[in-house]
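One structure is given below, encoded as structure tokens.
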Amino acid sequence: MRKSSFFFLIFFGIVKRSMKKICFLIFCNIIFVIRMTYGSSKAPPSSSLQIKKIVQQELQRIGLSQDSFGIVFGVPGSSPLYVLNENQLLKPASLTKLVSAAAFLHYFGPEKKFVTTIKATGFQKDSILYGDLYLVGGGDPAFVSESLWNLVNNFLRSGIKEVRGQIYVDDSRFDNQLVDGGRQFTFNDRAYSAPVSAMSFNWSSINVYVRPGNKKGTLGQVYLDPETELVKLKNKVKTVAKGPTRLMVQRQPTKQILSKNFLFKPLETISVEGQIALKEPEKVYYKNIRYPALWAGEQLYQFLKRRGIFVKKRKVSKKRVPENSWLVSQWEGQSVALLVRGMLKFSNNLIAEALTKNLAYEKNKKAGASLRAGLQWIRRYLKDRCGIKNFKMDSPSGLSKVNRFRPIDLFKLLSVIYSDFEVFPDLVSSLPLAGRDGTLKKRFSGAKGLVIRAKTGLLNGVVGVAGFGQGRNGRITQFVLLYNKRKGDRPVAVFKLQRAMDKIITRVLREWW
């Protein structure tokens, strides 16, 4: 009995000493985690001076005054570590899309989808519809060829093989202002300035492919995709044996007046002129379409025809769908999370403006939703959710020189986004990834080992970038860099400004801690 008690006391002593060691190790680990989690937001006092030195060095290299820049660096949830002209109201260009994206995810949620439908009037007997078809736009900005193909495939299951009436397009969800008057380039045939309709198709744009002819002196080969009777093609491209390829592709409106009933006569002319070398690879150009609703209706006719469905009346008109219509087919578009991804990765202006009008429609429940009404809700998000009040925002895409934001407020927006778990995951994954995709695919060549996700901005006289970066130590940094050209600034190429900003961000992530 005594022997057993002796061994028990020895065992108890060993366990007691071991438990003390274990508790001590647990305590040390807890302290380490707390220091890494909360202590990481506090940088050494010398960091501000380090960043200041980096900024000065890189701006001196391109010969521009610091007065033309607004810069803020810091960590999420903390006061800025370094600021330069942080309170100046500057033109943000497409950095505006950070504001719009956050508001869209906040109001819609990431799972929201917009539905495009085909409705019918009249009655169906066997495989014949004695009535009309209505293509009803649900505000889906990413309604493309694949979407329409799925919509038509769903239509097939209705058993309708012949339509005795015609095709109408209802785009009444949005107002009739297809091009925002605040855009910098109101009259522009480029795809980035496409008109915004509740019923759009293929980004309200057409692709123009140009190839050399079979031999020297022959006409170049030009193709429109998708094929359409809406657009007339003028091909004046000459194939040359050698020499530079010089092409000019323009959209020219025809003299025909748009009537109530569109009879499938050309409303646009695409003119392609110049020369292309014999061994030159295929070139592609993107031009917007001025009549997006009719463009979508005409493509519906073509897609139905390819699936063996005959529409008797060969015309398309705009008209609101009657209340006595019935649903034949529908297609759910991409989620808001995916739409925001497309908007941020490639700075898509059409998505930004379409989602703003959708916001107005969803909040006010009225047809004819306008950009102005949607902007009121985005401004409310900035004021109520972010506490940002000193700004001017007349364009959700940033394709305007009217917008004004302070760099410190864009920095504050990033902090609000970072702390909002309903918004942050989808938004940060939608930002271009430096050196890999989107508008940053060919930038940040010296950022090996770093992870940088940021939105870019570019207008005449405006260059910007804002987002998040992670260094080798795993710490997150957020930044805003904006350049607004001032009177007296010497001319500097855009790529040099972008490269200077890239170097500043890269060096800060490597050197400041």
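Every chain in the structure tokens takes a letter, A first, then B, and so on in the order presented; its residues are numbered from 1, and the ligands are numbered from 1 following the presented order.
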If we count only C-alpha atoms, what is near Lys319 (chain A) at a cut-off of 12 Å, once residues fewer than 5 positions away on the same chain are taken out, given as a compact mmCIF listing (two decimals) with C-alpha atoms, in the first residue's frame?
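After the write, part_13.txt holds the following:
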```
# COMPACT_ATOMS: atom_id res chain seq x y z
CA ASP A 132 -47.32 37.90 -81.09
CA LEU A 133 -44.11 37.29 -79.16
CA TYR A 134 -42.69 39.76 -76.66
CA LEU A 135 -39.02 39.75 -75.69
CA VAL A 136 -39.14 41.36 -72.24
CA GLY A 137 -35.92 42.82 -70.88
CA GLN A 166 -44.51 39.47 -85.06
CA ILE A 167 -41.78 40.09 -82.48
CA TYR A 168 -42.05 43.01 -80.06
CA VAL A 169 -39.39 44.13 -77.59
CA ASP A 170 -40.32 45.53 -74.18
CA ASP A 171 -37.43 47.47 -72.64
CA SER A 172 -39.66 49.64 -70.45
CA ARG A 173 -37.95 48.57 -67.21
CA LYS A 260 -42.07 52.69 -85.21
CA ASN A 261 -41.86 49.36 -87.00
CA PHE A 262 -38.36 48.22 -87.88
CA ALA A 293 -33.58 46.73 -78.05
CA LEU A 294 -34.13 46.28 -81.80
CA GLY A 297 -35.23 41.54 -81.17
```
Counting only C-alpha atoms, which residues of region 448-468 of chain A sit at most 10 Å from some atom of region 409-430 of chain A, and what is each one's closest atom pair with its distance in Å to one decimal, listed by chain and rising residue number, as CSV?
```
residue,atom,partner,partner_atom,distance
A:Arg453,CA,A:Val428,CA,7.0
A:Ala454,CA,A:Val428,CA,8.2
A:Lys455,CA,A:Ser430,CA,9.3
A:Ala466,CA,A:Leu410,CA,8.1
A:Gly467,CA,A:Leu414,CA,7.2
A:Phe468,CA,A:Val428,CA,8.2
```
_One decimal, in Å: what's the spacing between CA of Phe479 (chain A) and CA of Leu375 (chain A)?_
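If I compute the distance from CA of Phe479 (chain A) to CA of Leu375 (chain A), I get 25.2 Å.
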Counting only C-alpha atoms, which residues of region 113-209 of chain A fall within 10 Å of region 229-250 of chain A, and what is the closest atom pair for each with its distance in Å at one decimal, ordered by chain and rising number, as a tab-separated table?
```
residue	atom	partner	partner_atom	distance
A:Asn188	CA	A:Gln250	CA	9.9
A:Asp189	CA	A:Gln250	CA	7.2
A:Arg190	CA	A:Gln250	CA	8.9
A:Ile206	CA	A:Val231	CA	9.2
A:Val208	CA	A:Val249	CA	8.3
```
*asked:* List the spatial neighbours of region 72-74 of chain A as a list in words - criterion: any atom at most 6 Å away, only C-alpha atoms, same-chain residues fewer than 6 positions off excluded.
replied: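 Near neighbours after the sequence-gap exclusion: Pro80, Leu81, Tyr82, Val83, Thr477, Gln478, Phe479 and Val480 of chain A.
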Please, could you write that set of residues out with N, CA and C atoms as a CSV table (one decimal), in the first residue's frame?
```csv
chain,number,residue,atom,x,y,z
A,80,PRO,N,-4.8,56.3,-41.5
A,80,PRO,CA,-3.8,56.2,-42.6
A,80,PRO,C,-2.4,56.3,-42.0
A,81,LEU,N,-1.4,55.6,-42.6
A,81,LEU,CA,0.0,55.7,-42.2
A,81,LEU,C,0.7,56.8,-43.0
A,82,TYR,N,0.3,56.9,-44.2
A,82,TYR,CA,1.0,58.0,-45.1
A,82,TYR,C,-0.1,58.6,-45.9
A,83,VAL,N,-0.1,60.0,-46.0
A,83,VAL,CA,-1.0,60.7,-46.8
A,83,VAL,C,-0.3,61.8,-47.6
A,477,THR,N,-2.2,45.5,-46.7
A,477,THR,CA,-2.1,47.0,-46.9
A,477,THR,C,-3.2,47.5,-47.8
A,478,GLN,N,-3.8,48.6,-47.6
A,478,GLN,CA,-4.7,49.2,-48.6
A,478,GLN,C,-4.1,50.5,-49.0
A,479,PHE,N,-4.5,50.9,-50.2
A,479,PHE,CA,-3.8,52.1,-50.8
A,479,PHE,C,-4.8,52.7,-51.8
A,480,VAL,N,-4.6,54.0,-52.0
A,480,VAL,CA,-5.2,54.8,-53.0
A,480,VAL,C,-4.2,55.7,-53.7
```
*Of the candidates A:Val144, A:Ile276, A:Val462, A:Cys386, which shows the shortest atom-to-atom distance to Gln299 (chain A), using only C-alpha atoms?*
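Using only C-alpha atoms, the shortest distance to Gln299 (chain A) belongs to A:Val144.
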*Skipping near chain neighbours, those fewer than 5 positions away, what residues fall within 8 Å of Leu89 (chain A) using only C-alpha atoms, listed as a list in words?*
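So the residues in contact are Phe391, Arg404, Phe405, Arg406 and Pro407 of chain A.
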For the residues in the current selection, export C-alpha atoms as a compact mmCIF listing (two decimals), in the first residue's frame.
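Saved file selection.txt follows:
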```txt
# COMPACT_ATOMS: atom_id res chain seq x y z
CA PHE A 391 -18.01 64.09 -52.81
CA ARG A 404 -15.03 64.10 -57.50
CA PHE A 405 -13.72 62.14 -54.49
CA ARG A 406 -11.09 62.79 -51.87
CA PRO A 407 -8.35 60.11 -51.68
```
*Identify, on the basis of only C-alpha atoms, every residue whose closest approach to region 350-359 of chain A does not exceed 9 Å; exclude the query and any residue fewer than 4 positions from it along the same chain; express the result as a ChimeraX atom specification.*
/A:97,100-101,104,107-108,114,138-142,173-175,180,192-198,203-204,336,339-340,342-343,363-364,368-375,377-378,395-397
Which residues in region 301-356 of chain A does DSSP call strand (DSSP E)? List them as a tab-separated table (two decimals) with C-alpha atoms, in the first residue's frame.
```tsv
chain	number	residue	atom	x	y	z
A	310	PHE	CA	-41.02	30.50	-88.30
A	311	VAL	CA	-42.20	34.05	-87.49
A	316	VAL	CA	-39.61	44.08	-84.95
A	317	SER	CA	-41.13	46.89	-82.89
A	318	LYS	CA	-40.81	48.27	-79.37
A	326	TRP	CA	-48.54	34.56	-70.86
A	327	LEU	CA	-45.07	33.24	-70.16
A	328	VAL	CA	-43.49	30.98	-72.78
A	329	SER	CA	-39.81	30.98	-71.84
A	330	GLN	CA	-37.38	32.60	-69.40
A	331	TRP	CA	-33.66	32.74	-68.65
A	332	GLU	CA	-31.96	33.72	-65.40
A	333	GLY	CA	-28.81	35.73	-65.93
A	334	GLN	CA	-25.61	35.81	-63.93
A	335	SER	CA	-25.67	36.64	-60.23
```
*In Å, with one decimal, what is the gap from CA of Gln376 (chain A) to CA of Glu111 (chain A)?*
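Interatomic distance here is 22.6 Å.
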What's around Gln57 (chain A) at 12 Å? Count only C-alpha atoms, leave out sequence neighbours fewer than 5 positions away in its own chain, and write the answer as a PDB file with C-alpha atoms, in the first residue's frame.
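Full text of part-v9.pdb as output:
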```
ATOM      1  CA  GLN A  50       9.957  55.188 -45.488  1.00  0.00           C
ATOM      2  CA  ILE A  51       6.829  55.529 -47.650  1.00  0.00           C
ATOM      3  CA  LYS A  52       7.412  59.267 -48.074  1.00  0.00           C
ATOM      4  CA  ILE A  62       9.003  60.823 -63.990  1.00  0.00           C
ATOM      5  CA  GLY A  63       9.534  64.536 -63.324  1.00  0.00           C
ATOM      6  CA  LEU A  64       6.109  65.392 -61.888  1.00  0.00           C
ATOM      7  CA  SER A  65       5.230  67.497 -58.865  1.00  0.00           C
ATOM      8  CA  GLN A  66       3.642  65.855 -55.848  1.00  0.00           C
ATOM      9  CA  ALA A 500       5.493  54.751 -61.305  1.00  0.00           C
ATOM     10  CA  MET A 501       2.374  53.873 -59.296  1.00  0.00           C
ATOM     11  CA  LYS A 503       6.659  50.711 -58.328  1.00  0.00           C
ATOM     12  CA  ILE A 504       5.460  52.788 -55.378  1.00  0.00           C
ATOM     13  CA  ARG A 507       8.228  48.977 -52.932  1.00  0.00           C
TER      14      ARG A 507
END
```
*asked:* I need the residues of region 140-195 of chain A that end up classed as alpha helix (DSSP H) by DSSP on the backbone, written out as number ranges by chain.
replied: A: 145-156
*Go through A:Val508, A:Ala434, A:Val210, A:Ile408 one by one, measure the shortest atom-to-atom distance of each to Asn87 (chain A) using only C-alpha atoms, and give the residue with the smallest value.*
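Closest to Asn87 (chain A) of all the choices is A:Ile408.
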Contacts of Asn207 (chain A) at 8 Å (only C-alpha atoms; same-chain gap of 5+ positions) as a short mmCIF file (atom, residue, chain, number, x, y, z; two decimals) with C-alpha atoms, in the first residue's frame:
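The resulting file, around.cif, is shown below:
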```cif
data_model
loop_
_atom_site.label_atom_id
_atom_site.label_comp_id
_atom_site.auth_asym_id
_atom_site.auth_seq_id
_atom_site.Cartn_x
_atom_site.Cartn_y
_atom_site.Cartn_z
CA LEU A 224 -19.42 40.84 -88.58
CA ASP A 225 -20.31 38.73 -85.57
CA PRO A 226 -23.11 38.07 -84.99
CA VAL A 284 -10.82 42.23 -84.05
CA TYR A 285 -12.61 45.51 -83.29
CA TYR A 286 -15.68 46.17 -81.14
CA LYS A 287 -18.32 48.75 -82.06
#
```
